[in-house]
file final_35.cif (mmCIF, N, CA and C atoms)
data_final
#
loop_
_atom_site.label_atom_id
_atom_site.label_comp_id
_atom_site.auth_asym_id
_atom_site.auth_seq_id
_atom_site.Cartn_x
_atom_site.Cartn_y
_atom_site.Cartn_z
N MET A 131 44.80 187.01 70.81
CA MET A 131 44.71 186.80 69.39
C MET A 131 45.49 187.89 68.66
N SER A 132 46.03 187.59 67.49
CA SER A 132 46.93 188.51 66.80
C SER A 132 46.21 189.63 66.08
N GLY A 133 44.97 189.46 65.75
CA GLY A 133 44.24 190.50 65.05
C GLY A 133 44.52 190.52 63.56
N ARG A 134 45.14 189.50 63.02
CA ARG A 134 45.45 189.44 61.60
C ARG A 134 44.16 189.21 60.82
N THR A 135 43.95 190.04 59.80
CA THR A 135 42.72 189.91 59.00
C THR A 135 42.99 189.45 57.59
N THR A 136 44.26 189.42 57.19
CA THR A 136 44.58 188.99 55.83
C THR A 136 45.51 187.79 55.88
N ARG A 137 45.51 187.06 54.83
CA ARG A 137 46.37 185.89 54.69
C ARG A 137 47.43 186.20 53.63
N PRO A 138 48.69 185.83 53.86
CA PRO A 138 49.73 186.08 52.85
C PRO A 138 49.37 185.39 51.53
N LEU A 139 49.81 186.01 50.44
CA LEU A 139 49.54 185.44 49.13
C LEU A 139 50.29 184.14 48.94
N ASP A 140 49.70 183.22 48.19
CA ASP A 140 50.33 181.92 47.95
C ASP A 140 51.57 182.03 47.08
N ARG A 141 51.73 183.10 46.35
CA ARG A 141 52.88 183.20 45.44
C ARG A 141 54.20 183.36 46.19
N PHE A 142 54.14 183.65 47.49
CA PHE A 142 55.37 183.76 48.28
C PHE A 142 55.82 182.41 48.83
N TRP A 143 55.01 181.39 48.66
CA TRP A 143 55.35 180.05 49.14
C TRP A 143 55.70 179.15 47.99
N PRO A 144 56.45 178.17 48.07
CA PRO A 144 57.22 177.78 49.25
C PRO A 144 58.50 178.60 49.34
N TYR A 145 58.95 178.81 50.55
CA TYR A 145 60.21 179.51 50.75
C TYR A 145 61.37 178.64 50.28
N VAL A 146 62.43 179.27 49.89
CA VAL A 146 63.62 178.54 49.49
C VAL A 146 64.27 177.98 50.74
N GLU A 147 64.54 176.70 50.71
CA GLU A 147 65.21 176.07 51.85
C GLU A 147 66.71 176.34 51.76
N LYS A 148 67.26 176.92 52.78
CA LYS A 148 68.69 177.17 52.83
C LYS A 148 69.33 176.19 53.80
N SER A 149 70.53 175.78 53.46
CA SER A 149 71.23 174.89 54.37
C SER A 149 71.60 175.67 55.63
N GLU A 150 71.63 174.98 56.74
CA GLU A 150 71.92 175.65 58.00
C GLU A 150 73.41 175.84 58.22
N GLU A 151 74.21 175.02 57.59
CA GLU A 151 75.66 175.13 57.72
C GLU A 151 76.25 175.72 56.45
N PRO A 152 77.13 176.72 56.57
CA PRO A 152 77.75 177.28 55.37
C PRO A 152 78.71 176.28 54.73
N THR A 153 78.86 176.39 53.42
CA THR A 153 79.80 175.52 52.72
C THR A 153 81.22 176.02 52.95
N SER A 154 82.20 175.20 52.62
CA SER A 154 83.60 175.61 52.81
C SER A 154 83.95 176.79 51.91
N GLU A 155 83.33 176.86 50.71
CA GLU A 155 83.57 178.00 49.82
C GLU A 155 83.02 179.29 50.43
N GLU A 156 81.85 179.21 51.07
CA GLU A 156 81.27 180.39 51.70
C GLU A 156 82.13 180.84 52.88
N LEU A 157 82.64 179.89 53.65
CA LEU A 157 83.51 180.25 54.77
C LEU A 157 84.81 180.87 54.30
N ALA A 158 85.37 180.36 53.21
CA ALA A 158 86.62 180.90 52.69
C ALA A 158 86.45 182.31 52.15
N ALA A 159 85.24 182.64 51.68
CA ALA A 159 84.99 183.96 51.10
C ALA A 159 84.65 185.01 52.15
N LEU A 160 84.49 184.61 53.41
CA LEU A 160 84.15 185.57 54.45
C LEU A 160 85.28 186.55 54.69
N ASP A 161 84.90 187.78 54.99
CA ASP A 161 85.86 188.79 55.42
C ASP A 161 86.52 188.30 56.70
N PRO A 162 87.83 188.49 56.88
CA PRO A 162 88.51 187.99 58.07
C PRO A 162 87.92 188.51 59.39
N ASP A 163 87.50 189.77 59.40
CA ASP A 163 86.92 190.32 60.62
C ASP A 163 85.57 189.69 60.93
N LEU A 164 84.75 189.44 59.90
CA LEU A 164 83.47 188.79 60.10
C LEU A 164 83.67 187.34 60.56
N HIS A 165 84.64 186.65 59.97
CA HIS A 165 84.93 185.28 60.38
C HIS A 165 85.34 185.24 61.85
N ALA A 166 86.17 186.18 62.27
CA ALA A 166 86.61 186.23 63.67
C ALA A 166 85.44 186.52 64.61
N ALA A 167 84.52 187.38 64.19
CA ALA A 167 83.36 187.70 65.03
C ALA A 167 82.41 186.51 65.15
N LEU A 168 82.23 185.76 64.07
CA LEU A 168 81.29 184.64 64.08
C LEU A 168 81.87 183.38 64.71
N PHE A 169 83.12 183.06 64.39
CA PHE A 169 83.68 181.78 64.78
C PHE A 169 84.90 181.88 65.69
N GLY A 170 85.29 183.07 66.04
CA GLY A 170 86.50 183.24 66.83
C GLY A 170 87.71 183.41 65.93
N PRO A 171 88.82 183.82 66.48
CA PRO A 171 90.02 184.05 65.65
C PRO A 171 90.57 182.75 65.07
N ARG A 172 91.12 182.85 63.88
CA ARG A 172 91.75 181.70 63.24
C ARG A 172 93.13 181.49 63.83
N ASN A 173 93.55 180.27 63.85
CA ASN A 173 94.89 179.95 64.34
C ASN A 173 95.85 179.77 63.17
N LEU A 174 95.92 180.78 62.32
CA LEU A 174 96.82 180.74 61.18
C LEU A 174 98.07 181.54 61.49
N PRO A 175 99.23 181.08 61.03
CA PRO A 175 100.43 181.90 61.19
C PRO A 175 100.37 183.11 60.26
N PHE A 176 101.30 184.00 60.45
CA PHE A 176 101.42 185.18 59.60
C PHE A 176 101.45 184.75 58.13
N SER A 177 100.70 185.45 57.29
CA SER A 177 100.67 185.08 55.87
C SER A 177 100.59 186.33 55.00
N ILE A 178 101.04 186.15 53.78
CA ILE A 178 100.93 187.18 52.75
C ILE A 178 100.19 186.56 51.58
N THR A 179 99.16 187.25 51.12
CA THR A 179 98.37 186.76 50.00
C THR A 179 98.61 187.66 48.80
N ILE A 180 98.88 187.06 47.67
CA ILE A 180 99.00 187.80 46.41
C ILE A 180 97.77 187.48 45.58
N ALA A 181 97.04 188.52 45.23
CA ALA A 181 95.82 188.35 44.44
C ALA A 181 96.02 189.07 43.10
N PHE A 182 95.58 188.43 42.02
CA PHE A 182 95.70 189.02 40.70
C PHE A 182 94.59 188.52 39.81
N GLY A 183 94.25 189.32 38.82
CA GLY A 183 93.23 188.95 37.86
C GLY A 183 93.84 188.34 36.62
N PRO A 184 93.00 187.82 35.74
CA PRO A 184 93.52 187.24 34.50
C PRO A 184 94.15 188.32 33.62
N PHE A 185 95.14 187.93 32.84
CA PHE A 185 95.81 188.87 31.94
C PHE A 185 96.25 188.14 30.69
N GLU A 186 96.52 188.90 29.67
CA GLU A 186 96.96 188.34 28.39
C GLU A 186 98.46 188.07 28.44
N GLY A 187 98.88 187.05 27.75
CA GLY A 187 100.30 186.80 27.63
C GLY A 187 100.68 185.39 28.07
N ALA A 188 101.91 185.06 27.75
CA ALA A 188 102.42 183.72 28.04
C ALA A 188 102.65 183.51 29.53
N ASP A 189 102.84 184.59 30.29
CA ASP A 189 103.11 184.46 31.71
C ASP A 189 101.88 184.10 32.53
N TYR A 190 100.68 184.21 31.95
CA TYR A 190 99.46 183.93 32.71
C TYR A 190 99.42 182.48 33.18
N ALA A 191 99.69 181.55 32.29
CA ALA A 191 99.67 180.13 32.67
C ALA A 191 100.73 179.85 33.73
N ARG A 192 101.89 180.48 33.60
CA ARG A 192 102.96 180.29 34.58
C ARG A 192 102.57 180.87 35.94
N ALA A 193 101.95 182.06 35.92
CA ALA A 193 101.51 182.69 37.16
C ALA A 193 100.44 181.85 37.84
N GLU A 194 99.51 181.33 37.06
CA GLU A 194 98.45 180.49 37.62
C GLU A 194 99.04 179.22 38.24
N GLU A 195 100.00 178.62 37.57
CA GLU A 195 100.66 177.41 38.08
C GLU A 195 101.42 177.72 39.37
N MET A 196 102.09 178.85 39.41
CA MET A 196 102.83 179.24 40.62
C MET A 196 101.87 179.52 41.78
N ALA A 197 100.73 180.13 41.47
CA ALA A 197 99.74 180.42 42.51
C ALA A 197 99.15 179.12 43.06
N LYS A 198 98.90 178.16 42.19
CA LYS A 198 98.34 176.87 42.63
C LYS A 198 99.32 176.12 43.52
N ALA A 199 100.61 176.40 43.40
CA ALA A 199 101.62 175.74 44.22
C ALA A 199 101.78 176.39 45.59
N SER A 200 101.01 177.44 45.87
CA SER A 200 101.10 178.12 47.16
C SER A 200 100.46 177.27 48.25
N ALA A 201 100.60 177.72 49.49
CA ALA A 201 100.03 176.98 50.63
C ALA A 201 98.52 176.91 50.55
N GLU A 202 97.89 177.97 50.09
CA GLU A 202 96.43 177.99 49.94
C GLU A 202 96.10 178.79 48.68
N TYR A 203 95.36 178.18 47.80
CA TYR A 203 95.01 178.82 46.52
C TYR A 203 93.50 178.74 46.34
N ARG A 204 92.92 179.84 45.88
CA ARG A 204 91.50 179.82 45.53
C ARG A 204 91.23 180.87 44.47
N VAL A 205 90.16 180.64 43.73
CA VAL A 205 89.71 181.57 42.71
C VAL A 205 88.39 182.15 43.19
N VAL A 206 88.29 183.47 43.20
CA VAL A 206 87.05 184.13 43.62
C VAL A 206 86.55 185.01 42.49
N GLY A 207 85.24 185.18 42.43
CA GLY A 207 84.63 186.02 41.41
C GLY A 207 84.50 185.30 40.08
N ALA A 208 84.02 186.06 39.10
CA ALA A 208 83.83 185.53 37.75
C ALA A 208 83.92 186.68 36.77
N GLY A 209 84.24 186.36 35.53
CA GLY A 209 84.32 187.38 34.48
C GLY A 209 85.40 188.40 34.76
N ASP A 210 85.02 189.68 34.70
CA ASP A 210 85.98 190.77 34.94
C ASP A 210 86.42 190.83 36.40
N GLN A 211 85.64 190.27 37.30
CA GLN A 211 85.95 190.31 38.73
C GLN A 211 86.71 189.08 39.22
N LEU A 212 87.14 188.21 38.32
CA LEU A 212 87.86 187.00 38.69
C LEU A 212 89.21 187.35 39.30
N ARG A 213 89.52 186.73 40.41
CA ARG A 213 90.81 186.95 41.08
C ARG A 213 91.38 185.61 41.52
N HIS A 214 92.67 185.44 41.30
CA HIS A 214 93.41 184.30 41.83
C HIS A 214 94.05 184.78 43.13
N ARG A 215 93.83 184.01 44.20
CA ARG A 215 94.39 184.38 45.50
C ARG A 215 95.32 183.28 45.96
N ALA A 216 96.57 183.62 46.17
CA ALA A 216 97.58 182.66 46.62
C ALA A 216 98.13 183.11 47.96
N ARG A 217 97.94 182.28 48.98
CA ARG A 217 98.44 182.60 50.33
C ARG A 217 99.79 181.92 50.53
N PHE A 218 100.74 182.69 51.04
CA PHE A 218 102.08 182.19 51.32
C PHE A 218 102.40 182.43 52.79
N PHE A 219 103.05 181.46 53.39
CA PHE A 219 103.54 181.59 54.76
C PHE A 219 105.02 181.93 54.71
N PRO A 220 105.62 182.37 55.80
CA PRO A 220 107.03 182.82 55.76
C PRO A 220 108.01 181.82 55.17
N GLY A 221 107.78 180.54 55.32
CA GLY A 221 108.69 179.55 54.76
C GLY A 221 108.67 179.49 53.24
N ASP A 222 107.67 180.09 52.62
CA ASP A 222 107.53 180.09 51.16
C ASP A 222 107.92 181.43 50.54
N ALA A 223 108.82 182.15 51.18
CA ALA A 223 109.17 183.49 50.71
C ALA A 223 109.74 183.49 49.29
N LEU A 224 110.51 182.49 48.93
CA LEU A 224 111.10 182.44 47.60
C LEU A 224 110.03 182.24 46.53
N ARG A 225 109.09 181.32 46.76
CA ARG A 225 108.01 181.11 45.78
C ARG A 225 107.11 182.33 45.69
N MET A 226 106.89 183.00 46.83
CA MET A 226 106.09 184.23 46.82
C MET A 226 106.77 185.30 45.98
N ARG A 227 108.07 185.44 46.13
CA ARG A 227 108.80 186.44 45.35
C ARG A 227 108.74 186.13 43.86
N ASP A 228 108.87 184.86 43.52
CA ASP A 228 108.82 184.47 42.11
C ASP A 228 107.46 184.81 41.49
N LEU A 229 106.37 184.54 42.21
CA LEU A 229 105.04 184.89 41.69
C LEU A 229 104.88 186.40 41.61
N PHE A 230 105.34 187.11 42.62
CA PHE A 230 105.19 188.57 42.62
C PHE A 230 105.96 189.20 41.46
N GLU A 231 107.10 188.68 41.11
CA GLU A 231 107.86 189.22 39.99
C GLU A 231 107.09 189.08 38.68
N VAL A 232 106.27 188.04 38.56
CA VAL A 232 105.49 187.83 37.33
C VAL A 232 104.28 188.77 37.28
N VAL A 233 103.60 188.98 38.41
CA VAL A 233 102.32 189.72 38.40
C VAL A 233 102.40 191.13 38.96
N SER A 234 103.56 191.57 39.41
CA SER A 234 103.66 192.87 40.08
C SER A 234 103.29 194.06 39.19
N GLY A 235 103.50 193.94 37.89
CA GLY A 235 103.20 195.05 37.00
C GLY A 235 101.73 195.16 36.60
N LEU A 236 100.90 194.23 37.05
CA LEU A 236 99.49 194.25 36.68
C LEU A 236 98.71 195.24 37.53
N PRO A 237 97.73 195.93 36.92
CA PRO A 237 96.91 196.84 37.73
C PRO A 237 96.00 196.10 38.71
N THR A 238 95.76 194.81 38.48
CA THR A 238 94.88 194.05 39.37
C THR A 238 95.64 193.34 40.48
N CYS A 239 96.94 193.52 40.56
CA CYS A 239 97.74 192.83 41.57
C CYS A 239 97.54 193.51 42.93
N GLU A 240 97.23 192.70 43.93
CA GLU A 240 97.07 193.19 45.31
C GLU A 240 97.92 192.33 46.23
N VAL A 241 98.45 192.95 47.27
CA VAL A 241 99.19 192.23 48.29
C VAL A 241 98.44 192.42 49.60
N LEU A 242 98.06 191.31 50.23
CA LEU A 242 97.30 191.35 51.47
C LEU A 242 98.13 190.74 52.58
N ILE A 243 98.16 191.40 53.71
CA ILE A 243 98.87 190.90 54.88
C ILE A 243 97.82 190.34 55.83
N ASP A 244 97.89 189.05 56.11
CA ASP A 244 96.87 188.36 56.92
C ASP A 244 95.46 188.65 56.40
N ASP A 245 95.32 188.57 55.08
CA ASP A 245 94.04 188.76 54.37
C ASP A 245 93.48 190.17 54.43
N ARG A 246 94.31 191.13 54.79
CA ARG A 246 93.83 192.51 54.86
C ARG A 246 94.73 193.41 54.01
N PRO A 247 94.12 194.32 53.26
CA PRO A 247 94.95 195.29 52.52
C PRO A 247 95.47 196.33 53.51
N ILE A 248 96.76 196.45 53.61
CA ILE A 248 97.34 197.44 54.52
C ILE A 248 98.26 198.35 53.72
N PRO A 249 98.47 199.55 54.21
CA PRO A 249 99.34 200.49 53.48
C PRO A 249 100.77 199.96 53.36
N TYR A 250 101.36 200.22 52.24
CA TYR A 250 102.76 199.89 51.96
C TYR A 250 103.05 198.40 51.95
N ALA A 251 102.05 197.58 51.69
CA ALA A 251 102.29 196.13 51.67
C ALA A 251 103.28 195.77 50.57
N ARG A 252 103.14 196.38 49.41
CA ARG A 252 104.04 196.08 48.28
C ARG A 252 105.42 196.69 48.48
N ASP A 253 105.47 197.89 49.00
CA ASP A 253 106.72 198.65 49.05
C ASP A 253 107.53 198.42 50.32
N LEU A 254 106.88 197.98 51.40
CA LEU A 254 107.59 197.81 52.66
C LEU A 254 107.60 196.36 53.14
N TRP A 255 106.43 195.75 53.20
CA TRP A 255 106.34 194.41 53.77
C TRP A 255 107.04 193.35 52.91
N LEU A 256 106.81 193.36 51.61
CA LEU A 256 107.44 192.33 50.78
C LEU A 256 108.97 192.42 50.80
N PRO A 257 109.56 193.60 50.59
CA PRO A 257 111.03 193.65 50.68
C PRO A 257 111.56 193.28 52.07
N LEU A 258 110.82 193.62 53.11
CA LEU A 258 111.24 193.27 54.46
C LEU A 258 111.23 191.75 54.64
N ILE A 259 110.19 191.09 54.17
CA ILE A 259 110.11 189.62 54.25
C ILE A 259 111.26 188.99 53.46
N TRP A 260 111.50 189.49 52.26
CA TRP A 260 112.57 188.93 51.43
C TRP A 260 113.93 189.16 52.07
N PHE A 261 114.14 190.32 52.63
CA PHE A 261 115.42 190.63 53.26
C PHE A 261 115.68 189.73 54.46
N LEU A 262 114.64 189.50 55.25
CA LEU A 262 114.81 188.73 56.48
C LEU A 262 114.82 187.21 56.25
N LEU A 263 114.09 186.73 55.24
CA LEU A 263 113.90 185.30 55.10
C LEU A 263 114.65 184.63 53.96
N LEU A 264 115.08 185.41 52.99
CA LEU A 264 115.78 184.79 51.86
C LEU A 264 117.28 184.79 52.12
N PRO A 265 117.96 183.73 51.66
CA PRO A 265 119.41 183.66 51.88
C PRO A 265 120.16 184.70 51.07
#
call {"tool": "encode", "arguments": {"input": "final_35.cif", "output": "structure tokens"}}
result
Amino acid sequence: MSGRTTRPLDRFWPYVEKSEEPTSEELAALDPDLHAALFGPRNLPFSITIAFGPFEGADYARAEEMAKASAEYRVVGAGDQLRHRARFFPGDALRMRDLFEVVSGLPTCEVLIDDRPIPYARDLWLPLIWFLLLP
């Protein structure tokens, strides 16, 4: 016998029912290392992601449209933490450069290599990709 002498309070019931399978939005928001540990490595080719927050000006609508035209586009966060994430594969180097030219001066602009922030992504990786892949 367990030796339990008290009964849990009724105010803790009923528990919230959670779905057993994560939604596609939850899977997309997972950290790449956590996703690899849980589900195995992804079979994605090399990619560069440009992430940026909302900004004032006429270029915002153009930047958002360019980001939506990327291979994979999603919006994460809300309010001040809102970020547009546009993933580009090597064949889309020209469109990636065009978007980067619009958002590169923003303080919220990030460049991720295979979904990870790495040193010198803006200063080394992007020019290297453009040099090797653009005519």
call {"tool": "select_by_dssp", "arguments": {"input": "final_35.cif", "residues": "chain A", "states": "strand (DSSP E or B)", "output": "list in words"}}
result
Ile178, Thr179, Ile180, Ala181, Phe182, Glu202, Tyr203, Arg204, Val205, Val206, Arg213, His214, Arg215, Ala216, Arg217, Phe218, Glu240, Val241, Leu242, Ile243 and Arg246 of chain A
call {"tool": "closest_residue", "arguments": {"input": "final_35.cif", "among": "A:Ile259, A:Leu160, A:Val232, A:Leu174", "to": "Arg192 (chain A)", "atoms": "all atoms listed in the file"}}
result
A:Val232
call {"tool": "closest_residue", "arguments": {"input": "final_35.cif", "among": "A:Gly183, A:Gly235, A:Met196, A:Ala191", "to": "His214 (chain A)", "atoms": "only C-alpha atoms"}}
result
A:Gly183
call {"tool": "atom_distance", "arguments": {"input": "final_35.cif", "atom1": "CA of Arg204 (chain A)", "atom2": "atom C of Leu256 (chain A)"}}
result
22.2 Å
call {"tool": "residues_around", "arguments": {"input": "final_35.cif", "residues": "Ser200 (chain A)", "least_positions_apart": "4", "cutoff": "9 Å", "atoms": "only C-alpha atoms", "output": "JSON, numbers by chain"}}
result
{"A": [196, 216, 217, 218, 219, 222, 225, 226]}
call {"tool": "atom_distance", "arguments": {"input": "final_35.cif", "atom1": "CA of Leu157 (chain A)", "atom2": "CA of Glu195 (chain A)"}}
result
24.1 Å
call {"tool": "atom_distance", "arguments": {"input": "final_35.cif", "atom1": "CA of Gly170 (chain A)", "atom2": "CA of Pro249 (chain A)"}}
result
25.3 Å
call {"tool": "closest_residue", "arguments": {"input": "final_35.cif", "among": "A:Ala193, A:Leu262, A:Leu164, A:Ala251", "to": "Val233 (chain A)", "atoms": "only N, CA and C atoms"}}
result
A:Ala193
call {"tool": "closest_atom_pairs", "arguments": {"input": "final_35.cif", "of": "region 173-194 of chain A", "to": "region 244-248 of chain A", "cutoff": "8 Å", "atoms": "only C-alpha atoms", "output": "CSV"}}
result
residue,atom,partner,partner_atom,distance
A:Phe176,CA,A:Asp244,CA,6.2
A:Ser177,CA,A:Asp244,CA,5.1
A:Ile178,CA,A:Asp244,CA,5.9
A:Thr179,CA,A:Asp245,CA,6.5
call {"tool": "select_by_dssp", "arguments": {"input": "final_35.cif", "residues": "region 155-265 of chain A", "states": "helix (DSSP H, G or I)", "output": "MDAnalysis selection string"}}
result
chainID A and resid 155:158 162:169 189:198 209:211 220:233 251:263
call {"tool": "closest_residue", "arguments": {"input": "final_35.cif", "among": "A:Glu194, A:Glu240, A:Asp163, A:Glu150", "to": "Ile180 (chain A)", "atoms": "only C-alpha atoms"}}
result
A:Glu240
call {"tool": "closest_residue", "arguments": {"input": "final_35.cif", "among": "A:Arg227, A:Ala208, A:Leu264, A:Phe182", "to": "Val241 (chain A)", "atoms": "all atoms listed in the file"}}
result
A:Phe182
